[in-house]
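Enquirer: The structure under discussion is supplied below as structure tokens; questions concerning it will follow.
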Amino acid sequence: HQAVRTISAASSGIDGMTKLLQTAQGIATSAAAESDQTRRATLATQFNTVLSQVDELMKNSGYNGVNLLNGDKLSLSFDPKSTSATMVIQSSNGSAGVAGSLGLTASRLGVATAANSTWTNGASDTVGDAGIKTTLTALSTAISTLRIEASGLGSSQTIVSARQAFTTSMVNTLKAGAGDLTLADLNEEGAKLSSLNTRGQIAQTALSLATQRDQQVLQLLR
């Protein structure tokens with residue numbers, strides 16, 4: 001259960017990050033269509049604000065001290081008697097170094113903040129246009145990367161859930177088997193008890209009739 005919740009937290013984080021990057025994508029697209037350079041600069045500031053929240057959301061996507069999006073690793077063992085029945089889950093951008101030192105930050109996804117004048121054109125150049133185009137390309141790549149990460153987490157969650165369901169089924173099977181060995185069939189035992197009671201009643205009736213007959217014989221002899 002804890003492993004599934006850890007993966008779910010990471011998946012939810014990726015969903016949120018993707019939506020934020022899509023919002024940033026919309027801002028950059030608006031800037032590309034904007035001819036007023038002052039408005040472009042304002043949009044760049046908005047873009048940076050949204051981008052900063054991508055990192056914050058990523059940092060908040062952990063569960064029980066494990067954040068798969070921030071470089072942490074989740075190691076699972078499905079069978080303590082087997083060294084091969086194990087699984088390690090970790091984001092591709094957190095596959096090296098100390099846990100927590102890496103992760104799916106905006107910069108590691110290839111999206112940089114819009115520095116001053118990055119999105120604005122000069123009097124005789126189109127530097128801003130090029131800058132916005134570069135940003136849009138980076139955003140598209142970052143969103144694709146997150147979708148791949150989401151797919152990987154989905155596959156991992158399916159495996160963990162399947163193993164969990166299998167373990168639950170096996171526990172129930174073993175419990176049922178133990179019950180067959182130790183618990184009596186209530187219907188069968190009830191039938192046996194009813195039969196014994198009937199036999200007892202018949203025996204008591206027969207004994208009573210025999211006693212009455214003996215007493216009648218004695219009365220005749222007197």
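Residues in the structure tokens are named by chain (A, B, ... in the order shown) and by number from 1 within that chain; ligands are numbered from 1 in the order shown.
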Enumerate, in order of chain and increasing residue number, the residues of region 12-110 of chain A with an atom no farther than 8 Å from region 119-138 of chain A, each with its shortest atom pair and distance in Å to one decimal, counting only C-alpha atoms, as a Markdown table.

Expert:
```
| residue | atom | partner | partner_atom | distance |
| --- | --- | --- | --- | --- |
| A:Gln25 | CA | A:Leu136 | CA | 6.3 |
| A:Ala28 | CA | A:Ile132 | CA | 6.3 |
| A:Thr29 | CA | A:Leu136 | CA | 7.5 |
| A:Ala31 | CA | A:Ile132 | CA | 7.4 |
| A:Ala32 | CA | A:Ile132 | CA | 6.3 |
| A:Gln37 | CA | A:Thr120 | CA | 5.4 |
| A:Thr38 | CA | A:Thr120 | CA | 7.8 |
| A:Arg40 | CA | A:Thr120 | CA | 6.2 |
| A:Ala41 | CA | A:Thr120 | CA | 6.5 |
| A:Ala44 | CA | A:Trp119 | CA | 6.8 |
| A:Gly110 | CA | A:Ala138 | CA | 5.9 |
```

Enquirer: Write out as a PyMOL selection string each polymer residue whose atoms come within 9 Å of Gly16 (chain A), counting only C-alpha atoms; drop sequence neighbours fewer than 4 positions from it.

Expert: chain A and resi 11-12+20-21+54+57-58

Enquirer: With N, CA, C and O atoms retained, could you export that selection as a PDB file, in the first residue's frame?

Expert:
```
ATOM      1  N   SER A  11       3.057  10.482  -9.514  1.00  0.00           N
ATOM      2  CA  SER A  11       2.235  10.631 -10.718  1.00  0.00           C
ATOM      3  C   SER A  11       1.412  11.911 -10.661  1.00  0.00           C
ATOM      4  O   SER A  11       1.290  12.635 -11.662  1.00  0.00           O
ATOM      5  N   SER A  12       0.862  12.197  -9.494  1.00  0.00           N
ATOM      6  CA  SER A  12       0.088  13.434  -9.324  1.00  0.00           C
ATOM      7  C   SER A  12       0.989  14.648  -9.515  1.00  0.00           C
ATOM      8  O   SER A  12       0.577  15.660 -10.101  1.00  0.00           O
ATOM      9  N   LEU A  20       1.439  23.024 -15.428  1.00  0.00           N
ATOM     10  CA  LEU A  20       2.154  24.294 -15.267  1.00  0.00           C
ATOM     11  C   LEU A  20       3.004  24.601 -16.493  1.00  0.00           C
ATOM     12  O   LEU A  20       3.054  25.760 -16.950  1.00  0.00           O
ATOM     13  N   LEU A  21       3.670  23.595 -17.032  1.00  0.00           N
ATOM     14  CA  LEU A  21       4.485  23.816 -18.231  1.00  0.00           C
ATOM     15  C   LEU A  21       3.606  24.171 -19.429  1.00  0.00           C
ATOM     16  O   LEU A  21       4.002  24.954 -20.296  1.00  0.00           O
ATOM     17  N   VAL A  54       6.892  25.118 -10.867  1.00  0.00           N
ATOM     18  CA  VAL A  54       7.161  23.759 -11.339  1.00  0.00           C
ATOM     19  C   VAL A  54       8.089  23.059 -10.364  1.00  0.00           C
ATOM     20  O   VAL A  54       7.860  21.907  -9.950  1.00  0.00           O
ATOM     21  N   LEU A  57       6.321  22.442  -6.916  1.00  0.00           N
ATOM     22  CA  LEU A  57       5.375  21.334  -6.971  1.00  0.00           C
ATOM     23  C   LEU A  57       6.121  20.005  -6.972  1.00  0.00           C
ATOM     24  O   LEU A  57       5.708  19.043  -6.312  1.00  0.00           O
ATOM     25  N   MET A  58       7.222  19.964  -7.699  1.00  0.00           N
ATOM     26  CA  MET A  58       8.038  18.750  -7.735  1.00  0.00           C
ATOM     27  C   MET A  58       8.527  18.384  -6.333  1.00  0.00           C
ATOM     28  O   MET A  58       8.476  17.223  -5.909  1.00  0.00           O
TER      29      MET A  58
END
```

Enquirer: Could you check the closest approach to Asp72 (chain A) for each of A:Ile7, A:Ala114, A:Leu43, A:Ala33 and tell me which residue wins, using only C-alpha atoms?

Expert: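 Under the stated criterion, the closest residue is A:Ile7.
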
Enquirer: Just how far from CA of Asn60 (chain A) is CA of Ser8 (chain A), in Å to one decimal?

Expert: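 If I compute the distance from CA of Ser8 (chain A) to CA of Asn60 (chain A), I get 12.7 Å.
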
Enquirer: Name the closest residue to Ser92 (chain A) among the candidates A:Leu139, A:Ala150, A:Leu193, A:Ile159; distances are taken between atoms, counting only C-alpha atoms.

Expert: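 Answer, going by the shortest atom-to-atom distance: A:Ala150.
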
Enquirer: Please compute the CA of Ile143 (chain A)-CA of Lys19 (chain A) distance, one decimal, in Å.

Expert: 9.0 Å
